[in-house]
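Asker: Take a look at the following structure, please.
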There are 2 protein chains.
Amino acid sequence: MLIRPATDADADALWAILEPVIRAGETYPLPRDMDRDSALAYWLAPAHEVHVAVYEERDREAVLGTYYLRANTAGGGAHVANCGYMVAQDAPGRGVARAMCTHSLDRARARGFRAMQFNFVISSNERAVRLWQHMGFDIVGRLPGAFAHPTLGFVDALVMWREVRDGDS
Amino acid sequence: MLIRPATDADADALWAILEPVIRAGETYPLPRDMDRDSALAYWLAPAHEVHVAVYEERDREAVLGTYYLRANTAGGGAHVANCGYMVAQDAPGRGVARAMCTHSLDRARARGFRAMQFNFVISSNERAVRLWQHMGFDIVGRLPGAFAHPTLGFVDALVMWREVRDGDS
């Protein structure tokens with residue numbers, strides 16, 4: 001697996017990853033009927049540094065996941081990074097999210113960020129919560145009933161946080 | 001004091017409020033050198049419902065403060081409102097922030113929001129923290145050192161939250 005910057009040529013592959021995640025409406029607070037252009041504009045926003053995780057086999061390349069990295073706020077908050085990760089439907093279990101998170105922490109460190117914050121981790125997404133905890137993120141906030149899950153009803157969203165410094169990846 | 005929707009004619013008055021707050025860099029995570037156009041574009045973003053608090057004396061109207069109301073996220077998170085408030089430099093102590101917060105909670109209720117979240121209350125802004133607590137907001141998250149205060153160094157930012165429902169204003 002290789003993680004490289006996304007290019008314009010990745011639009012179809014990105015949409016193939018984003019669409020089922022958005023349509024499911026279980027992990028991101030995005031409109032479930034969001035169209036392709038809006039979704040790509042959101043993911044590829046000018047302030048986002050976007051990478052893709054790809055699997056290469058002979059001449060063929062399959063995009064397994066994508067993440068964006070950005071400053072979570074500006075001004076006095078600009079030393080804190082924020083990321084979003086999405087994994088292809090047929091890719092979970094292959095360590096794609098973990099590899100992207102490690103990569104994003106390295107990128108955040110290289111860009112001089114001091115910490116990384118996830119603003120809205122859906123508590124029912126237990127696999128993600130466990131993975132982020134394993135990656136060193138703490139739950140620093142709990143937003144009660146902040147997410148209307150399509151089948152579970154109102155569930156909490158979590159704010160997660162970790163330091164980003166040399167030598168403690 | 002009257003609280004009414006902002007209009008294009010309020011641009012000068014809004015900038016007169018925003019500029020010193022932005023230049024001080026003590027309460028909002030915005031670039032301290034943000035120019036007028038960028039600041040107004042941020043405050044008057046299409047998704048923001050913006051009000052101004054005005055004091056009327058004879059034919060003269062003074063703008064004492066302003067707030068925006070928006071959905072904090074979309075999709076499954078769209079039932080949670082977010083607001084930002086700014087008070088004119090010479091207005092603190094006149095109850096402007098409190099009046100605007102009450103007004104914004106009423107507006108949020110009228111628009112069907114179920115809760116209101118403040119994403120980034122600077123912990124050193126003790127006056128604001130106390131006021132929001134008095135207005136029924138709980139601290140539901142603490143972001144360690146998330147804000148580089150121009151004189152205090154790294155201080156925590158708080159995530160604050162309250163329900164918005166009929167009859168419990």
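Identifiers for the structure tokens are assigned positionally: chains receive A, B, ... in sequence, residues are indexed from 1 per chain, and ligands are indexed from 1 in the order shown.
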Could you pull the residues within 10 Å of Gly65 (chain B), counting only C-alpha atoms, minus those fewer than 6 positions along the same chain, as a PyMOL selection string?
Answerer: chain B and resi 3+13-14+16-18+51-55+85-89+91-92+96-97+99-100
Asker: Generate a file of the selected residues that holds N, CA, C and O atoms, formatted as a PDB file, in the first residue's frame.
Answerer:
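Produced file out01.pdb, reproduced below:
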ATOM      1  N   ILE B   3     -32.946  43.949  19.024  1.00  0.00           N
ATOM      2  CA  ILE B   3     -32.136  43.005  18.244  1.00  0.00           C
ATOM      3  C   ILE B   3     -32.880  42.724  16.950  1.00  0.00           C
ATOM      4  O   ILE B   3     -34.044  42.321  16.978  1.00  0.00           O
ATOM      5  N   ALA B  13     -20.795  49.203  10.555  1.00  0.00           N
ATOM      6  CA  ALA B  13     -20.974  48.990  11.998  1.00  0.00           C
ATOM      7  C   ALA B  13     -20.453  47.617  12.411  1.00  0.00           C
ATOM      8  O   ALA B  13     -19.838  47.467  13.472  1.00  0.00           O
ATOM      9  N   LEU B  14     -20.661  46.617  11.563  1.00  0.00           N
ATOM     10  CA  LEU B  14     -20.161  45.275  11.876  1.00  0.00           C
ATOM     11  C   LEU B  14     -18.633  45.269  11.913  1.00  0.00           C
ATOM     12  O   LEU B  14     -18.026  44.720  12.831  1.00  0.00           O
ATOM     13  N   ALA B  16     -16.711  47.709  12.527  1.00  0.00           N
ATOM     14  CA  ALA B  16     -16.260  48.463  13.711  1.00  0.00           C
ATOM     15  C   ALA B  16     -16.264  47.572  14.949  1.00  0.00           C
ATOM     16  O   ALA B  16     -15.460  47.766  15.866  1.00  0.00           O
ATOM     17  N   ILE B  17     -17.153  46.583  14.978  1.00  0.00           N
ATOM     18  CA  ILE B  17     -17.184  45.639  16.104  1.00  0.00           C
ATOM     19  C   ILE B  17     -16.160  44.525  15.904  1.00  0.00           C
ATOM     20  O   ILE B  17     -15.408  44.174  16.813  1.00  0.00           O
ATOM     21  N   LEU B  18     -16.126  43.975  14.687  1.00  0.00           N
ATOM     22  CA  LEU B  18     -15.255  42.826  14.430  1.00  0.00           C
ATOM     23  C   LEU B  18     -13.771  43.197  14.509  1.00  0.00           C
ATOM     24  O   LEU B  18     -12.960  42.419  15.047  1.00  0.00           O
ATOM     25  N   HIS B  51     -27.676  38.736  13.287  1.00  0.00           N
ATOM     26  CA  HIS B  51     -28.455  39.793  13.930  1.00  0.00           C
ATOM     27  C   HIS B  51     -27.520  40.846  14.514  1.00  0.00           C
ATOM     28  O   HIS B  51     -26.349  40.584  14.767  1.00  0.00           O
ATOM     29  N   VAL B  52     -28.074  42.024  14.726  1.00  0.00           N
ATOM     30  CA  VAL B  52     -27.347  43.079  15.431  1.00  0.00           C
ATOM     31  C   VAL B  52     -28.197  43.549  16.601  1.00  0.00           C
ATOM     32  O   VAL B  52     -29.439  43.567  16.529  1.00  0.00           O
ATOM     33  N   ALA B  53     -27.502  43.912  17.683  1.00  0.00           N
ATOM     34  CA  ALA B  53     -28.161  44.525  18.841  1.00  0.00           C
ATOM     35  C   ALA B  53     -27.920  46.021  18.738  1.00  0.00           C
ATOM     36  O   ALA B  53     -26.774  46.469  18.627  1.00  0.00           O
ATOM     37  N   VAL B  54     -29.002  46.797  18.723  1.00  0.00           N
ATOM     38  CA  VAL B  54     -28.851  48.238  18.511  1.00  0.00           C
ATOM     39  C   VAL B  54     -29.509  49.019  19.650  1.00  0.00           C
ATOM     40  O   VAL B  54     -30.462  48.563  20.287  1.00  0.00           O
ATOM     41  N   TYR B  55     -28.945  50.179  19.876  1.00  0.00           N
ATOM     42  CA  TYR B  55     -29.486  51.104  20.852  1.00  0.00           C
ATOM     43  C   TYR B  55     -29.986  52.305  20.064  1.00  0.00           C
ATOM     44  O   TYR B  55     -29.258  52.865  19.242  1.00  0.00           O
ATOM     45  N   TYR B  85     -20.745  35.411  18.945  1.00  0.00           N
ATOM     46  CA  TYR B  85     -21.217  36.713  19.437  1.00  0.00           C
ATOM     47  C   TYR B  85     -20.028  37.662  19.523  1.00  0.00           C
ATOM     48  O   TYR B  85     -18.937  37.257  19.942  1.00  0.00           O
ATOM     49  N   MET B  86     -20.249  38.900  19.167  1.00  0.00           N
ATOM     50  CA  MET B  86     -19.228  39.928  19.406  1.00  0.00           C
ATOM     51  C   MET B  86     -19.929  41.190  19.908  1.00  0.00           C
ATOM     52  O   MET B  86     -21.002  41.545  19.419  1.00  0.00           O
ATOM     53  N   VAL B  87     -19.290  41.822  20.872  1.00  0.00           N
ATOM     54  CA  VAL B  87     -19.866  43.015  21.486  1.00  0.00           C
ATOM     55  C   VAL B  87     -18.936  44.197  21.211  1.00  0.00           C
ATOM     56  O   VAL B  87     -17.715  44.051  21.207  1.00  0.00           O
ATOM     57  N   ALA B  88     -19.531  45.366  20.958  1.00  0.00           N
ATOM     58  CA  ALA B  88     -18.736  46.564  20.695  1.00  0.00           C
ATOM     59  C   ALA B  88     -17.825  46.874  21.879  1.00  0.00           C
ATOM     60  O   ALA B  88     -18.187  46.624  23.038  1.00  0.00           O
ATOM     61  N   GLN B  89     -16.664  47.417  21.582  1.00  0.00           N
ATOM     62  CA  GLN B  89     -15.653  47.682  22.615  1.00  0.00           C
ATOM     63  C   GLN B  89     -16.200  48.476  23.789  1.00  0.00           C
ATOM     64  O   GLN B  89     -15.816  48.246  24.934  1.00  0.00           O
ATOM     65  N   ALA B  91     -19.248  48.606  24.795  1.00  0.00           N
ATOM     66  CA  ALA B  91     -20.547  48.104  25.243  1.00  0.00           C
ATOM     67  C   ALA B  91     -20.522  47.063  26.372  1.00  0.00           C
ATOM     68  O   ALA B  91     -21.550  46.858  27.012  1.00  0.00           O
ATOM     69  N   PRO B  92     -19.389  46.395  26.651  1.00  0.00           N
ATOM     70  CA  PRO B  92     -19.450  45.346  27.682  1.00  0.00           C
ATOM     71  C   PRO B  92     -20.009  45.875  28.997  1.00  0.00           C
ATOM     72  O   PRO B  92     -19.758  47.021  29.368  1.00  0.00           O
ATOM     73  N   VAL B  96     -25.331  43.194  26.725  1.00  0.00           N
ATOM     74  CA  VAL B  96     -25.545  42.966  25.295  1.00  0.00           C
ATOM     75  C   VAL B  96     -25.365  41.484  24.942  1.00  0.00           C
ATOM     76  O   VAL B  96     -26.180  40.907  24.222  1.00  0.00           O
ATOM     77  N   ALA B  97     -24.302  40.881  25.454  1.00  0.00           N
ATOM     78  CA  ALA B  97     -24.035  39.470  25.128  1.00  0.00           C
ATOM     79  C   ALA B  97     -25.161  38.582  25.656  1.00  0.00           C
ATOM     80  O   ALA B  97     -25.638  37.680  24.963  1.00  0.00           O
ATOM     81  N   ALA B  99     -28.266  39.417  26.243  1.00  0.00           N
ATOM     82  CA  ALA B  99     -29.488  39.640  25.449  1.00  0.00           C
ATOM     83  C   ALA B  99     -29.395  38.937  24.095  1.00  0.00           C
ATOM     84  O   ALA B  99     -30.365  38.329  23.620  1.00  0.00           O
ATOM     85  N   MET B 100     -28.213  38.997  23.492  1.00  0.00           N
ATOM     86  CA  MET B 100     -28.054  38.338  22.196  1.00  0.00           C
ATOM     87  C   MET B 100     -28.135  36.826  22.352  1.00  0.00           C
ATOM     88  O   MET B 100     -28.692  36.126  21.495  1.00  0.00           O
TER      89      MET B 100
END
Asker: Select all residues from chain B having any atom no more than 6 Å from an atom of chain A (counting only C-alpha atoms, ignoring ligands), output as an MDAnalysis selection string.
Answerer: chainID B and resid 29:31 74:77 140:142 146:148
Asker: To one decimal in Å, tell me the separation between CA of Asp12 (chain A) and CA of Ser124 (chain A).
Answerer: 28.9 Å
Asker: Tell me which protein, DNA and RNA residues are within 9 Å of Leu44 (chain B), counting only C-alpha atoms, leaving out same-chain ones fewer than 6 positions away, and put them as a PyMOL selection string.
Answerer: chain B and resi 6+50+68
Asker: Once DSSP has gone over the backbone, tell me which residues of chain B are in strand (DSSP E or B), as a count of residues only.
Answerer: 64
Asker: I'd like to know which of A:Ala110, A:Leu152, A:Leu69, A:Val164 is closest to His48 (chain A), using only C-alpha atoms.
Answerer: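 Closest candidate: A:Leu69.
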Asker: Where in region 18-166 of chain B does DSSP assign helix (DSSP H, G or I), given as a PyMOL selection string?
Answerer: chain B and resi 18-24+36-43+75-77+96-110+126-134
Asker: So which one's closest to Ala108 (chain A), A:Arg4, A:Arg70, A:His134, A:Arg58? Using only C-alpha atoms, please.
Answerer: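 Of the candidates, the smallest distance to Ala108 (chain A) is held by A:Arg70.
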Asker: Select, from A:Asp106, A:Glu19, A:Asp90, A:Glu126, the residue with the minimum atom-to-atom distance to Trp43 (chain A), counting only C-alpha atoms.
Answerer: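 That would be A:Glu19, the residue with the smallest distance to Trp43 (chain A).
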Asker: What does the distance between CA of Ser123 (chain A) and CA of Ala24 (chain A) come to in Å, to one decimal place?
Answerer: 15.7 Å
Asker: Figure out the distance between CA of Ala47 (chain B) and CA of Gln133 (chain B), please, to one decimal in Å.
Answerer: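 That distance, rounded to one decimal, is 26.3 Å.
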Asker: Which is closest to Glu49 (chain A) among A:Arg94, A:Arg36, A:Arg127, A:Arg107, if we use only C-alpha atoms?
Answerer: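 For Glu49 (chain A), the nearest of the candidates is A:Arg107.
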